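**Q** What follows is run.cif, mmCIF, C-alpha atoms and all ligand atoms.
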data_query
#
loop_
_atom_site.label_atom_id
_atom_site.label_comp_id
_atom_site.auth_asym_id
_atom_site.auth_seq_id
_atom_site.Cartn_x
_atom_site.Cartn_y
_atom_site.Cartn_z
CA MET A 619 109.01 127.85 28.94
CA THR A 620 111.12 125.35 26.91
CA THR A 621 111.16 121.60 27.60
CA GLN A 622 114.68 122.09 28.94
CA ASP A 623 113.51 124.80 31.35
CA THR A 624 110.70 122.51 32.51
CA ASP A 625 113.18 119.68 33.09
CA VAL A 626 115.38 122.00 35.16
CA ALA A 627 112.35 123.15 37.19
CA VAL A 628 111.27 119.53 37.77
CA ASP A 629 114.80 118.52 38.80
CA SER A 630 115.00 121.40 41.23
CA ALA A 631 111.53 120.68 42.66
CA THR A 632 112.13 116.96 43.15
CA GLY A 633 115.61 117.69 44.51
CA SER A 634 114.24 120.16 47.05
CA VAL A 635 111.47 117.82 48.15
CA PHE A 636 113.84 114.89 48.47
CA GLU A 637 116.21 117.03 50.51
CA MET A 638 113.35 117.41 53.02
CA VAL A 639 112.74 113.65 52.94
CA SER A 640 116.38 112.90 53.66
CA GLY A 641 116.36 115.52 56.44
CA VAL A 642 114.74 112.81 58.57
CA TRP A 643 117.57 110.42 57.70
CA ALA A 644 120.16 113.05 58.56
CA PHE A 645 118.59 113.62 61.98
CA LYS A 646 118.35 109.89 62.71
CA THR A 647 122.01 109.43 61.69
CA LEU A 648 123.01 112.21 64.08
CA ALA A 649 120.85 110.79 66.88
CA ALA A 650 122.26 107.27 66.48
CA ALA A 651 125.84 108.54 66.41
CA VAL A 652 125.21 110.56 69.59
CA GLU A 653 123.51 107.59 71.31
CA LEU A 654 126.40 105.28 70.36
CA GLY A 655 128.96 107.76 71.74
CA LEU A 656 130.80 108.15 68.42
CA PHE A 657 131.83 111.78 68.93
CA GLY A 658 132.84 111.26 72.54
CA SER A 659 135.07 108.36 71.45
CA LEU A 660 136.95 110.71 69.08
CA ALA A 661 137.06 113.72 71.43
CA GLY A 662 140.06 116.01 71.68
CA GLY A 663 141.51 115.35 68.22
CA GLY A 664 141.37 111.54 68.55
CA LYS A 665 141.44 109.48 65.36
CA ALA A 666 140.42 105.90 64.63
CA THR A 667 140.11 103.50 61.71
CA LYS A 668 136.84 101.87 60.73
CA GLU A 669 137.97 98.63 62.40
CA GLU A 670 138.85 100.46 65.62
CA LEU A 671 135.46 102.19 65.60
CA GLU A 672 133.68 98.85 65.01
CA ALA A 673 135.29 97.63 68.22
CA ALA A 674 134.76 100.89 70.15
CA LEU A 675 131.05 101.17 69.22
CA GLY A 676 130.37 97.41 69.33
CA LEU A 677 128.91 97.36 65.80
CA PRO A 678 129.26 94.89 62.91
CA GLU A 679 131.31 95.90 59.84
CA ARG A 680 128.49 96.85 57.41
CA PRO A 681 126.62 99.24 59.74
CA THR A 682 129.90 100.85 60.85
CA ASP A 683 130.90 101.43 57.23
CA LEU A 684 127.52 102.99 56.43
CA LEU A 685 127.37 105.10 59.58
CA LEU A 686 130.87 106.50 59.04
CA ALA A 687 130.10 107.35 55.40
CA ALA A 688 126.85 109.04 56.42
CA CYS A 689 128.46 111.02 59.26
CA THR A 690 131.34 112.10 57.02
CA SER A 691 128.92 113.17 54.26
CA LEU A 692 126.99 115.28 56.78
CA GLY A 693 130.14 117.08 57.93
CA LEU A 694 130.17 115.39 61.34
CA LEU A 695 133.40 113.48 60.73
CA ASP A 696 136.50 114.19 58.65
CA ARG A 697 138.30 111.35 56.88
CA ASP A 698 142.06 111.39 56.63
CA GLY A 699 143.30 108.29 54.76
CA GLU A 700 142.16 105.30 56.79
CA HIS A 701 141.38 107.42 59.86
CA TYR A 702 138.24 109.23 60.99
CA ARG A 703 138.25 112.31 63.22
CA ASN A 704 135.52 114.56 64.63
CA SER A 705 134.90 117.53 62.33
CA ALA A 706 135.23 120.96 63.94
CA LEU A 707 131.40 121.03 64.15
CA ALA A 708 131.22 117.71 66.03
CA GLU A 709 134.13 118.66 68.29
CA THR A 710 132.30 121.88 69.27
CA ALA A 711 128.69 120.75 69.63
CA LEU A 712 128.64 116.96 70.00
CA VAL A 713 131.36 116.09 72.51
CA PRO A 714 129.81 115.64 75.98
CA ASP A 715 130.72 118.23 78.62
CA ARG A 716 131.82 120.85 76.08
CA PRO A 717 130.23 124.28 76.71
CA ASN A 718 128.25 124.17 73.44
CA TYR A 719 127.24 120.48 73.70
CA LEU A 720 123.86 119.89 72.03
CA GLY A 721 123.74 116.11 72.47
CA GLY A 722 121.10 116.49 75.20
CA ALA A 723 118.83 118.29 72.73
CA VAL A 724 119.47 115.58 70.13
CA ALA A 725 118.61 112.88 72.70
CA TYR A 726 115.45 114.73 73.76
CA VAL A 727 114.15 114.99 70.20
CA GLU A 728 115.10 111.36 69.54
CA SER A 729 113.49 109.95 72.67
CA ARG A 730 110.41 112.10 73.14
CA SER A 731 109.58 114.82 70.69
CA TRP A 732 110.21 112.54 67.67
CA ARG A 733 107.31 110.33 68.81
CA GLY A 734 105.04 113.38 68.92
CA TRP A 735 106.26 114.60 65.51
CA SER A 736 105.53 111.15 64.04
CA ARG A 737 101.86 111.94 64.86
CA LEU A 738 101.97 115.49 63.52
CA THR A 739 98.96 115.00 61.23
CA GLU A 740 96.94 113.91 64.26
CA ALA A 741 98.09 117.02 66.16
CA LEU A 742 97.10 119.16 63.17
CA ARG A 743 93.65 117.56 62.95
CA THR A 744 92.89 117.57 66.68
CA ASP A 745 94.79 120.73 67.79
CA ARG A 746 96.11 118.67 70.71
CA PRO A 747 99.70 117.88 71.74
CA THR A 748 101.06 114.45 70.86
CA THR A 749 104.05 114.21 73.23
CA TRP A 750 101.82 114.03 76.34
CA VAL A 751 98.17 113.48 77.19
CA PRO A 752 96.25 116.59 78.34
CA ASP A 753 93.50 114.38 79.86
CA THR A 754 95.89 113.10 82.53
CA GLN A 755 98.13 116.09 83.27
CA ASP A 756 97.89 119.89 83.26
CA SER A 757 100.90 120.83 81.16
CA PRO A 758 104.12 119.35 79.77
CA PHE A 759 105.85 120.92 82.79
CA ALA A 760 103.68 119.03 85.33
CA ALA A 761 105.42 117.18 88.18
CA GLU A 762 103.97 113.83 87.12
CA ASP A 763 105.66 113.92 83.71
CA GLN A 764 108.73 111.97 84.79
CA GLU A 765 109.95 111.45 81.25
CA MET A 766 109.91 115.18 80.66
CA LEU A 767 111.67 115.84 83.96
CA GLY A 768 114.32 113.27 83.13
CA ARG A 769 115.13 114.34 79.61
CA PHE A 770 113.87 117.84 78.91
CA TRP A 771 116.08 119.65 81.37
CA SER A 772 119.37 118.40 80.09
CA ALA A 773 118.18 119.27 76.57
CA MET A 774 117.02 122.75 77.63
CA HIS A 775 120.19 123.33 79.61
CA ASN A 776 122.41 122.60 76.60
CA LEU A 777 120.34 124.71 74.29
CA GLY A 778 119.75 127.45 76.86
CA ARG A 779 123.44 127.94 77.66
CA SER A 780 124.36 128.19 74.03
CA THR A 781 121.52 130.64 73.37
CA ALA A 782 122.27 132.64 76.53
CA ARG A 783 125.90 133.16 75.47
CA ALA A 784 124.66 134.61 72.19
CA VAL A 785 122.20 136.84 74.07
CA ALA A 786 124.99 138.03 76.40
CA ALA A 787 126.97 139.08 73.33
CA ALA A 788 123.98 140.66 71.54
CA TYR A 789 122.59 142.74 74.40
CA ASP A 790 124.74 144.68 76.87
CA LEU A 791 123.59 143.92 80.42
CA SER A 792 126.39 145.87 82.11
CA GLY A 793 123.90 148.58 83.10
CA HIS A 794 121.78 146.07 85.03
CA GLU A 795 122.22 144.70 88.55
CA LYS A 796 119.41 142.25 89.35
CA LEU A 797 117.85 139.86 86.86
CA LEU A 798 114.55 138.02 87.35
CA ASP A 799 114.36 134.96 85.08
CA VAL A 800 110.65 134.12 84.79
CA GLY A 801 110.32 130.37 84.09
CA ALA A 802 114.07 129.91 84.47
CA GLY A 803 114.10 126.14 83.93
CA SER A 804 117.63 124.84 84.46
CA GLY A 805 118.98 128.35 85.10
CA ALA A 806 120.99 128.30 81.87
CA PHE A 807 120.40 132.01 81.17
CA PRO A 808 121.28 133.38 84.64
CA ILE A 809 124.36 131.14 84.77
CA GLU A 810 125.68 132.41 81.45
CA LEU A 811 124.56 136.04 81.87
CA CYS A 812 126.09 136.29 85.37
CA ALA A 813 129.30 134.71 84.04
CA ALA A 814 129.44 137.32 81.27
CA TYR A 815 128.49 140.30 83.50
CA PRO A 816 130.32 140.27 86.86
CA GLY A 817 128.07 143.03 88.28
CA LEU A 818 124.90 141.00 87.75
CA THR A 819 123.02 138.84 90.28
CA ALA A 820 119.91 136.84 89.44
CA THR A 821 116.76 135.16 90.72
CA CYS A 822 115.44 132.01 89.04
CA TYR A 823 111.66 131.77 89.37
CA ASP A 824 109.96 128.49 88.41
CA LEU A 825 107.57 125.77 89.59
CA PRO A 826 108.34 124.05 92.92
CA HIS A 827 109.28 120.70 91.36
CA ILE A 828 111.66 122.38 88.86
CA VAL A 829 113.58 124.64 91.23
CA PRO A 830 115.56 121.79 92.87
CA LEU A 831 116.87 120.92 89.38
CA THR A 832 117.77 124.57 88.85
CA GLN A 833 119.64 124.58 92.15
CA VAL A 834 121.75 121.59 91.09
CA GLU A 835 122.88 123.42 87.93
CA ILE A 836 123.57 126.66 89.85
CA ASN A 837 125.70 124.75 92.36
CA GLN A 838 127.52 122.88 89.61
CA ALA A 839 128.33 126.20 87.93
CA GLY A 840 129.65 127.56 91.25
CA MET A 841 127.14 130.44 91.09
CA GLY A 842 125.37 129.87 94.42
CA GLU A 843 126.49 133.25 95.77
CA ARG A 844 125.06 135.22 92.86
CA ILE A 845 121.97 133.28 91.74
CA ALA A 846 119.00 132.68 94.05
CA THR A 847 115.94 130.51 93.40
CA VAL A 848 112.29 131.29 94.20
CA THR A 849 109.41 128.87 93.70
CA GLY A 850 106.16 130.13 92.22
CA ASP A 851 103.54 129.73 89.54
CA PHE A 852 103.42 132.58 87.03
CA ILE A 853 99.84 131.73 86.07
CA ALA A 854 98.42 131.46 89.60
CA ASP A 855 100.59 134.02 91.43
CA GLU A 856 99.16 137.52 91.27
CA VAL A 857 102.57 139.14 91.45
CA LEU A 858 106.07 138.13 90.42
CA PRO A 859 109.03 138.64 92.78
CA GLY A 860 110.08 142.32 92.94
CA GLY A 861 113.42 144.05 93.49
CA HIS A 862 114.88 143.44 90.01
CA ASP A 863 115.83 145.96 87.32
CA VAL A 864 115.71 143.50 84.43
CA ALA A 865 113.35 140.58 83.77
CA LEU A 866 113.70 137.80 81.23
CA LEU A 867 111.18 135.63 79.38
CA ALA A 868 113.25 133.07 77.47
CA ALA A 869 111.32 130.46 75.50
CA ILE A 870 108.22 131.14 77.64
CA LEU A 871 105.66 133.13 75.65
CA HIS A 872 105.63 130.67 72.73
CA ASP A 873 104.26 127.97 75.10
CA TRP A 874 101.02 129.90 75.70
CA ASP A 875 98.10 131.60 73.99
CA GLU A 876 97.80 135.35 73.50
CA ASP A 877 95.70 136.01 76.63
CA THR A 878 98.23 134.22 78.84
CA GLY A 879 101.13 135.98 77.10
CA ARG A 880 99.53 139.36 77.66
CA MET A 881 98.89 138.47 81.31
CA LEU A 882 102.57 137.49 81.76
CA LEU A 883 103.75 140.75 80.20
CA ALA A 884 101.45 142.71 82.54
CA LYS A 885 102.86 140.81 85.55
CA CYS A 886 106.43 141.51 84.37
CA HIS A 887 105.57 145.20 83.95
CA ASP A 888 104.15 145.35 87.49
CA ALA A 889 107.23 143.60 88.92
CA LEU A 890 109.72 146.03 87.33
CA PRO A 891 110.50 149.56 88.56
CA PRO A 892 109.87 152.45 86.11
CA GLY A 893 112.74 152.32 83.59
CA GLY A 894 113.35 148.62 84.26
CA VAL A 895 113.84 146.41 81.23
CA LEU A 896 112.12 143.24 79.99
CA LEU A 897 113.97 140.93 77.60
CA ILE A 898 112.08 138.43 75.43
CA CYS A 899 114.30 135.80 73.84
CA GLU A 900 112.98 133.19 71.45
CA LEU A 901 112.73 132.24 67.78
CA LEU A 902 110.50 134.96 66.31
CA LEU A 903 108.50 134.53 63.11
CA ASP A 904 108.94 137.24 60.47
CA ASP A 905 106.09 139.74 60.62
CA ASP A 906 104.64 138.39 57.34
CA ARG A 907 104.71 134.84 58.82
CA THR A 908 106.73 133.40 55.90
CA GLY A 909 109.79 132.28 57.88
CA PRO A 910 112.48 131.83 58.93
CA PRO A 911 112.23 128.01 59.00
CA PRO A 912 113.64 127.52 62.55
CA ALA A 913 110.93 129.82 63.98
CA ALA A 914 108.14 128.43 61.80
CA LEU A 915 109.11 124.83 62.62
CA MET A 916 109.39 125.74 66.31
CA GLY A 917 105.76 126.83 65.94
CA LEU A 918 104.77 123.31 64.87
CA ASN A 919 106.94 121.99 67.68
CA ARG A 920 104.74 124.00 70.07
CA LEU A 921 101.72 122.23 68.50
CA VAL A 922 103.05 118.76 69.34
CA GLU A 923 104.38 119.87 72.75
CA THR A 924 101.79 122.30 74.13
CA GLU A 925 98.05 122.90 74.20
CA ARG A 926 98.07 126.59 73.37
CA GLY A 927 101.58 127.57 72.24
CA ARG A 928 102.53 128.92 68.82
CA ALA A 929 105.22 130.94 67.07
CA TYR A 930 104.69 134.69 67.33
CA THR A 931 106.11 137.68 65.46
CA ALA A 932 108.00 140.67 66.83
CA ALA A 933 105.05 142.85 65.73
CA GLN A 934 102.66 140.78 67.88
CA TYR A 935 104.90 141.00 70.94
CA ARG A 936 105.47 144.73 70.35
CA SER A 937 101.73 145.37 70.40
CA TRP A 938 101.19 143.26 73.55
CA LEU A 939 104.16 145.03 75.23
CA LEU A 940 102.81 148.49 74.45
CA ASP A 941 99.35 147.47 75.72
CA ALA A 942 100.97 146.20 78.95
CA GLY A 943 102.54 149.65 79.50
CA PHE A 944 106.05 149.04 78.14
CA ARG A 945 107.65 151.60 75.81
CA GLU A 946 110.74 151.88 73.60
CA VAL A 947 110.48 148.31 72.27
CA THR A 948 113.59 147.47 70.26
CA ARG A 949 114.66 144.32 68.46
CA VAL A 950 118.29 143.22 68.81
CA PRO A 951 119.35 140.53 66.32
CA CYS A 952 120.87 137.42 67.83
CA LYS A 953 122.09 134.26 66.10
CA SER A 954 121.60 131.17 68.24
CA PRO A 955 119.70 127.87 68.24
CA GLY A 956 117.02 129.10 70.67
CA ALA A 957 116.62 132.78 69.77
CA ASN A 958 116.96 134.83 66.59
CA ALA A 959 116.34 138.12 68.40
CA VAL A 960 116.11 139.77 71.79
CA LEU A 961 113.14 142.09 72.19
CA VAL A 962 114.03 144.81 74.68
CA ALA A 963 111.21 146.80 76.29
CA ARG A 964 111.36 149.53 78.95
CA ALA A 965 108.81 149.62 81.78
C1 LIG B 1 110.59 126.01 77.62
S1 LIG B 1 111.09 126.10 79.28
C2 LIG B 1 112.20 127.49 79.23
C3 LIG B 1 113.22 127.47 80.33
C4 LIG B 1 114.24 128.59 80.30
N1 LIG B 1 113.62 129.91 80.30
C5 LIG B 1 115.21 128.46 79.13
O1 LIG B 1 115.03 129.15 78.12
O2 LIG B 1 116.15 127.66 79.25
C6 LIG B 1 109.63 126.76 80.05
C7 LIG B 1 109.77 126.97 81.55
O3 LIG B 1 108.58 127.56 82.07
C8 LIG B 1 108.33 126.95 83.32
N2 LIG B 1 106.92 127.07 83.67
C9 LIG B 1 105.88 126.51 83.02
N3 LIG B 1 104.73 126.84 83.65
C10 LIG B 1 105.07 127.64 84.71
C11 LIG B 1 104.33 128.30 85.70
N4 LIG B 1 103.01 128.20 85.74
N5 LIG B 1 105.00 129.03 86.62
C12 LIG B 1 106.36 129.14 86.58
N6 LIG B 1 107.12 128.53 85.63
C13 LIG B 1 106.48 127.78 84.71
C14 LIG B 1 108.71 125.51 83.11
O4 LIG B 1 108.84 124.81 84.33
C15 LIG B 1 109.98 125.69 82.31
O5 LIG B 1 111.09 125.84 83.15
#
Here is a file; write its structure as structure tokens.
Ligand SMILES: C[S@@+](CC[C@H](N)C(=O)[O-])C[C@H]1O[C@@H](n2cnc3c(N)ncnc32)[C@H](O)[C@@H]1O

**A**
Amino acid sequence: MTTQDTDVAVDSATGSVFEMVSGVWAFKTLAAAVELGLFGSLAGGGKATKEELEAALGLPERPTDLLLAACTSLGLLDRDGEHYRNSALAETALVPDRPNYLGGAVAYVESRSWRGWSRLTEALRTDRPTTWVPDTQDSPFAAEDQEMLGRFWSAMHNLGRSTARAVAAAYDLSGHEKLLDVGAGSGAFPIELCAAYPGLTATCYDLPHIVPLTQVEINQAGMGERIATVTGDFIADEVLPGGHDVALLAAILHDWDEDTGRMLLAKCHDALPPGGVLLICELLLDDDRTGPPPAALMGLNRLVETERGRAYTAAQYRSWLLDAGFREVTRVPCKSPGANAVLVARA
């Protein structure tokens, strides 16, 4: 290797590492802009000068100048002469009330999960979550976790609806009539899947203190006639609600250890008729566990957020599914923030 080659390798190494360092700055820029309402203030093709944005956001000149430069550099704003506008990306994903709005997820990471991630080394050393305290509550989904209840659901709902639309496009549900969403959370998946497939009705199954939140979202979506709610506990209940020809586990298995995952798959198998279908939607690790980064980083996110969760591979789920009695396991690619594949298994 020549000195020049070494210099190029060093430049590329330091550049790559510093890109990761500034990834934190990029996220914090995004989070501050969302919290200040920057993208909402420019919604619908609106434009404003720096001075107008100083007034609208209530910020002094220097921070406004720096924030606008940072947001423009990140592709969140476009600059046209003296005016700033939302970029197409910001207009799609960062304007409140838009169907693909991800501001809730940004706010959740900023207000809660960021604190846990700032203690990642502690989570790595202790193998304990850092966003909540296992000594004082059973799980991050416990009723007493008011912060979680307040923030998590709007984040999950944003992310879930966006992911569910991608799942609806990736996997054809027109042959199904009744969906059981196991751990339905805000009901994002049934709402989007029923909207995409007029012949589908759904049941949202979740913990008793979550289901009222689910009901609010179902009502707001005008889906009360087609989506029912049932309270339950998929760990404690021996059987899951029957009468469905398709069941869904979206962002569920990665919260638990292998034994619990296998138990959930067995309960899903028992709840489905022969020929019924189970869908698993989440960010799956490659079978050799080398990526992709969203799935691998979601794995660490399970470390800071859960006691036993981790990122799993399609090969792991395939083997658990076959052991639970499922057959014909197929993997359907899907490009979305919350799932890179749908695993489809027949009971
Ligand atoms: C990560 S959220 C996923 C929500 C939803 N599937 C989605 O993708 O938008 C996990 C869900 O599992 C639910 N859950 C956790 N433990 C449960 C249990 N023992 N019984 C039923 N639901 C449970 C939580 O309340 C929460 O709604």

**Q** Using all atoms listed in the file, find the one residue out of A:Arg783, A:Arg936, A:Arg730, A:Lys796 that sits nearest to Phe770 (chain A).

**A**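 Using all atoms listed in the file, Phe770 (chain A) sits closest to A:Arg730.
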
**Q** Would you be able to write out as a list in words which residues have an atom within 6 Å of (110.8, 119.3, 81.1) in the file's coordinates, counting only C-alpha atoms?

**A**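 Looking at atoms near the point gives Phe759, Met766, Leu767, Phe770 and Trp771 of chain A.
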
**Q** May I have a table of the residues of chain A lying at most 9 Å from ligand LIG 1 (chain B), giving each one's closest pair of atoms and their distance in Å to one decimal, counting all atoms listed in the file, ordered by chain and ascending residue number, as JSON lines?

**A**
{"residue": "A:Ser757", "atom": "CA", "partner": "B:LIG1", "partner_atom": "N3", "distance": 7.5}
{"residue": "A:Pro758", "atom": "CA", "partner": "B:LIG1", "partner_atom": "C9", "distance": 8.1}
{"residue": "A:Phe759", "atom": "CA", "partner": "B:LIG1", "partner_atom": "O4", "distance": 5.1}
{"residue": "A:Ala760", "atom": "CA", "partner": "B:LIG1", "partner_atom": "O4", "distance": 7.8}
{"residue": "A:Phe770", "atom": "CA", "partner": "B:LIG1", "partner_atom": "S1", "distance": 8.7}
{"residue": "A:Trp771", "atom": "CA", "partner": "B:LIG1", "partner_atom": "O5", "distance": 8.1}
{"residue": "A:Met774", "atom": "CA", "partner": "B:LIG1", "partner_atom": "O2", "distance": 5.2}
{"residue": "A:His775", "atom": "CA", "partner": "B:LIG1", "partner_atom": "O2", "distance": 5.9}
{"residue": "A:Asn776", "atom": "CA", "partner": "B:LIG1", "partner_atom": "O2", "distance": 8.5}
{"residue": "A:Leu777", "atom": "CA", "partner": "B:LIG1", "partner_atom": "O2", "distance": 7.1}
{"residue": "A:Gly778", "atom": "CA", "partner": "B:LIG1", "partner_atom": "O2", "distance": 4.3}
{"residue": "A:Arg779", "atom": "CA", "partner": "B:LIG1", "partner_atom": "O2", "distance": 7.5}
{"residue": "A:Thr781", "atom": "CA", "partner": "B:LIG1", "partner_atom": "O1", "distance": 8.2}
{"residue": "A:Ala782", "atom": "CA", "partner": "B:LIG1", "partner_atom": "O1", "distance": 8.2}
{"residue": "A:Asp799", "atom": "CA", "partner": "B:LIG1", "partner_atom": "N1", "distance": 7.0}
{"residue": "A:Val800", "atom": "CA", "partner": "B:LIG1", "partner_atom": "N6", "distance": 6.7}
{"residue": "A:Gly801", "atom": "CA", "partner": "B:LIG1", "partner_atom": "O3", "distance": 3.9}
{"residue": "A:Ala802", "atom": "CA", "partner": "B:LIG1", "partner_atom": "N1", "distance": 4.2}
{"residue": "A:Gly803", "atom": "CA", "partner": "B:LIG1", "partner_atom": "O5", "distance": 3.1}
{"residue": "A:Ser804", "atom": "CA", "partner": "B:LIG1", "partner_atom": "O2", "distance": 6.1}
{"residue": "A:Gly805", "atom": "CA", "partner": "B:LIG1", "partner_atom": "O2", "distance": 6.5}
{"residue": "A:Ala806", "atom": "CA", "partner": "B:LIG1", "partner_atom": "O2", "distance": 5.5}
{"residue": "A:Phe807", "atom": "CA", "partner": "B:LIG1", "partner_atom": "O2", "distance": 6.4}
{"residue": "A:Tyr823", "atom": "CA", "partner": "B:LIG1", "partner_atom": "C12", "distance": 6.5}
{"residue": "A:Asp824", "atom": "CA", "partner": "B:LIG1", "partner_atom": "N6", "distance": 4.0}
{"residue": "A:Leu825", "atom": "CA", "partner": "B:LIG1", "partner_atom": "C12", "distance": 4.7}
{"residue": "A:Pro826", "atom": "CA", "partner": "B:LIG1", "partner_atom": "C12", "distance": 8.4}
{"residue": "A:His827", "atom": "CA", "partner": "B:LIG1", "partner_atom": "O4", "distance": 8.2}
{"residue": "A:Ile828", "atom": "CA", "partner": "B:LIG1", "partner_atom": "O4", "distance": 5.9}
{"residue": "A:Val829", "atom": "CA", "partner": "B:LIG1", "partner_atom": "O4", "distance": 8.4}
{"residue": "A:Thr832", "atom": "CA", "partner": "B:LIG1", "partner_atom": "O5", "distance": 8.9}
{"residue": "A:Thr849", "atom": "CA", "partner": "B:LIG1", "partner_atom": "C12", "distance": 7.8}
{"residue": "A:Gly850", "atom": "CA", "partner": "B:LIG1", "partner_atom": "C12", "distance": 5.7}
{"residue": "A:Asp851", "atom": "CA", "partner": "B:LIG1", "partner_atom": "N5", "distance": 3.3}
{"residue": "A:Phe852", "atom": "CA", "partner": "B:LIG1", "partner_atom": "N5", "distance": 3.9}
{"residue": "A:Ile853", "atom": "CA", "partner": "B:LIG1", "partner_atom": "N4", "distance": 4.8}
{"residue": "A:Ala854", "atom": "CA", "partner": "B:LIG1", "partner_atom": "N4", "distance": 6.8}
{"residue": "A:Asp855", "atom": "CA", "partner": "B:LIG1", "partner_atom": "N5", "distance": 8.2}
{"residue": "A:Leu866", "atom": "CA", "partner": "B:LIG1", "partner_atom": "N1", "distance": 7.9}
{"residue": "A:Leu867", "atom": "CA", "partner": "B:LIG1", "partner_atom": "N1", "distance": 6.3}
{"residue": "A:Ala868", "atom": "CA", "partner": "B:LIG1", "partner_atom": "N1", "distance": 4.3}
{"residue": "A:Ala869", "atom": "CA", "partner": "B:LIG1", "partner_atom": "O1", "distance": 4.7}
{"residue": "A:Ile870", "atom": "CA", "partner": "B:LIG1", "partner_atom": "C6", "distance": 5.2}
{"residue": "A:Leu871", "atom": "CA", "partner": "B:LIG1", "partner_atom": "C6", "distance": 8.7}
{"residue": "A:His872", "atom": "CA", "partner": "B:LIG1", "partner_atom": "C1", "distance": 8.4}
{"residue": "A:Asp873", "atom": "CA", "partner": "B:LIG1", "partner_atom": "C1", "distance": 7.1}
{"residue": "A:Cys899", "atom": "CA", "partner": "B:LIG1", "partner_atom": "O1", "distance": 7.9}
{"residue": "A:Glu900", "atom": "CA", "partner": "B:LIG1", "partner_atom": "O1", "distance": 8.1}
{"residue": "A:Gly956", "atom": "CA", "partner": "B:LIG1", "partner_atom": "O1", "distance": 7.7}

**Q** Using only C-alpha atoms, which residue out of A:Leu798, A:Ala644, A:Met916, A:Val626 lies closest to Asp863 (chain A)?

**A**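 Under the stated criterion, the closest residue is A:Leu798.
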
**Q** Do you have the CA of Tyr726 (chain A)-CA of Arg769 (chain A) distance handy?

**A** 5.9 Å

**Q** Could you state the separation of CA of Pro892 (chain A) and CA of Met841 (chain A) in Å, given to one decimal place?

**A**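 According to the coordinates, CA of Pro892 (chain A) and CA of Met841 (chain A) are separated by 28.4 Å.
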
**Q** With only C-alpha atoms as the basis for distance, which of A:Glu637, A:Glu670, A:Asp625, A:Asp905 is at the shortest distance from Glu700 (chain A)?

**A**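 Once distances to Glu700 (chain A) are computed over only C-alpha atoms, the minimum belongs to A:Glu670.
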
**Q** If we count only C-alpha atoms and set the cut-off at 12 Å, which residues sit around region 920-927 of chain A, ignoring sequence neighbours fewer than 3 positions away in its own chain? Please answer as a PyMOL selection string.

**A** chain A and resi 727+730-753+755-760+766+770+869-879+901+913-917+930

**Q** Please compute the CA of Ile845 (chain A)-CA of Cys812 (chain A) distance, one decimal, in Å.

**A**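 According to the coordinates, CA of Ile845 (chain A) and CA of Cys812 (chain A) are separated by 8.2 Å.
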
**Q** Please list, as a compact mmCIF listing (two decimals) with C-alpha atoms, in the coordinates of the input, the residues that have an atom at most 9 Å away from (135.1, 111.4, 64.5) in the coordinates of this file, counting only C-alpha atoms.

**A**
# COMPACT_ATOMS: atom_id res chain seq x y z
CA LEU A 656 130.80 108.15 68.42
CA PHE A 657 131.83 111.78 68.93
CA GLY A 658 132.84 111.26 72.54
CA SER A 659 135.07 108.36 71.45
CA LEU A 660 136.95 110.71 69.08
CA ALA A 661 137.06 113.72 71.43
CA GLY A 663 141.51 115.35 68.22
CA GLY A 664 141.37 111.54 68.55
CA LYS A 665 141.44 109.48 65.36
CA ALA A 666 140.42 105.90 64.63
CA LEU A 686 130.87 106.50 59.04
CA CYS A 689 128.46 111.02 59.26
CA THR A 690 131.34 112.10 57.02
CA LEU A 694 130.17 115.39 61.34
CA LEU A 695 133.40 113.48 60.73
CA ASP A 696 136.50 114.19 58.65
CA ARG A 697 138.30 111.35 56.88
CA HIS A 701 141.38 107.42 59.86
CA TYR A 702 138.24 109.23 60.99
CA ARG A 703 138.25 112.31 63.22
CA ASN A 704 135.52 114.56 64.63
CA SER A 705 134.90 117.53 62.33
CA ALA A 708 131.22 117.71 66.03
CA GLU A 709 134.13 118.66 68.29

**Q** So, counting all atoms listed in the file, which residue among A:Leu692, A:Cys822, A:Leu654, A:Ala631 is closest to Ala674 (chain A)?

**A** A:Leu654

**Q** Can you work out which one of A:Thr620, A:Gln764, A:Gln833, A:Thr819 has the shortest atom-to-atom distance to Val848 (chain A), counting all atoms listed in the file?

**A** A:Gln833

**Q** Go through A:Asp904, A:Glu843, A:Glu669, A:Asp683 and flag the residue nearest Asn958 (chain A), using all atoms listed in the file for the distances.

**A**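 Residue with the minimum atom-to-atom distance to Asn958 (chain A): A:Asp904.
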
**Q** With N, CA and C atoms as the target, complete region 946-950 of chain A and hand it back as a PDB file, keeping the file's coordinate frame.

**A**
ATOM      1  N   GLU A 946     109.414 152.037  74.218  1.00  0.00           N
ATOM      2  CA  GLU A 946     110.740 151.880  73.600  1.00  0.00           C
ATOM      3  C   GLU A 946     111.063 150.410  73.328  1.00  0.00           C
ATOM      4  N   VAL A 947     110.213 149.727  72.586  1.00  0.00           N
ATOM      5  CA  VAL A 947     110.480 148.310  72.270  1.00  0.00           C
ATOM      6  C   VAL A 947     111.471 148.256  71.112  1.00  0.00           C
ATOM      7  N   THR A 948     112.618 147.608  71.344  1.00  0.00           N
ATOM      8  CA  THR A 948     113.590 147.470  70.260  1.00  0.00           C
ATOM      9  C   THR A 948     113.899 145.999  70.037  1.00  0.00           C
ATOM     10  N   ARG A 949     114.344 145.699  68.815  1.00  0.00           N
ATOM     11  CA  ARG A 949     114.660 144.320  68.460  1.00  0.00           C
ATOM     12  C   ARG A 949     116.161 144.234  68.199  1.00  0.00           C
ATOM     13  N   VAL A 950     116.844 143.392  68.980  1.00  0.00           N
ATOM     14  CA  VAL A 950     118.290 143.220  68.810  1.00  0.00           C
ATOM     15  C   VAL A 950     118.511 141.858  68.153  1.00  0.00           C
TER      16      VAL A 950
END
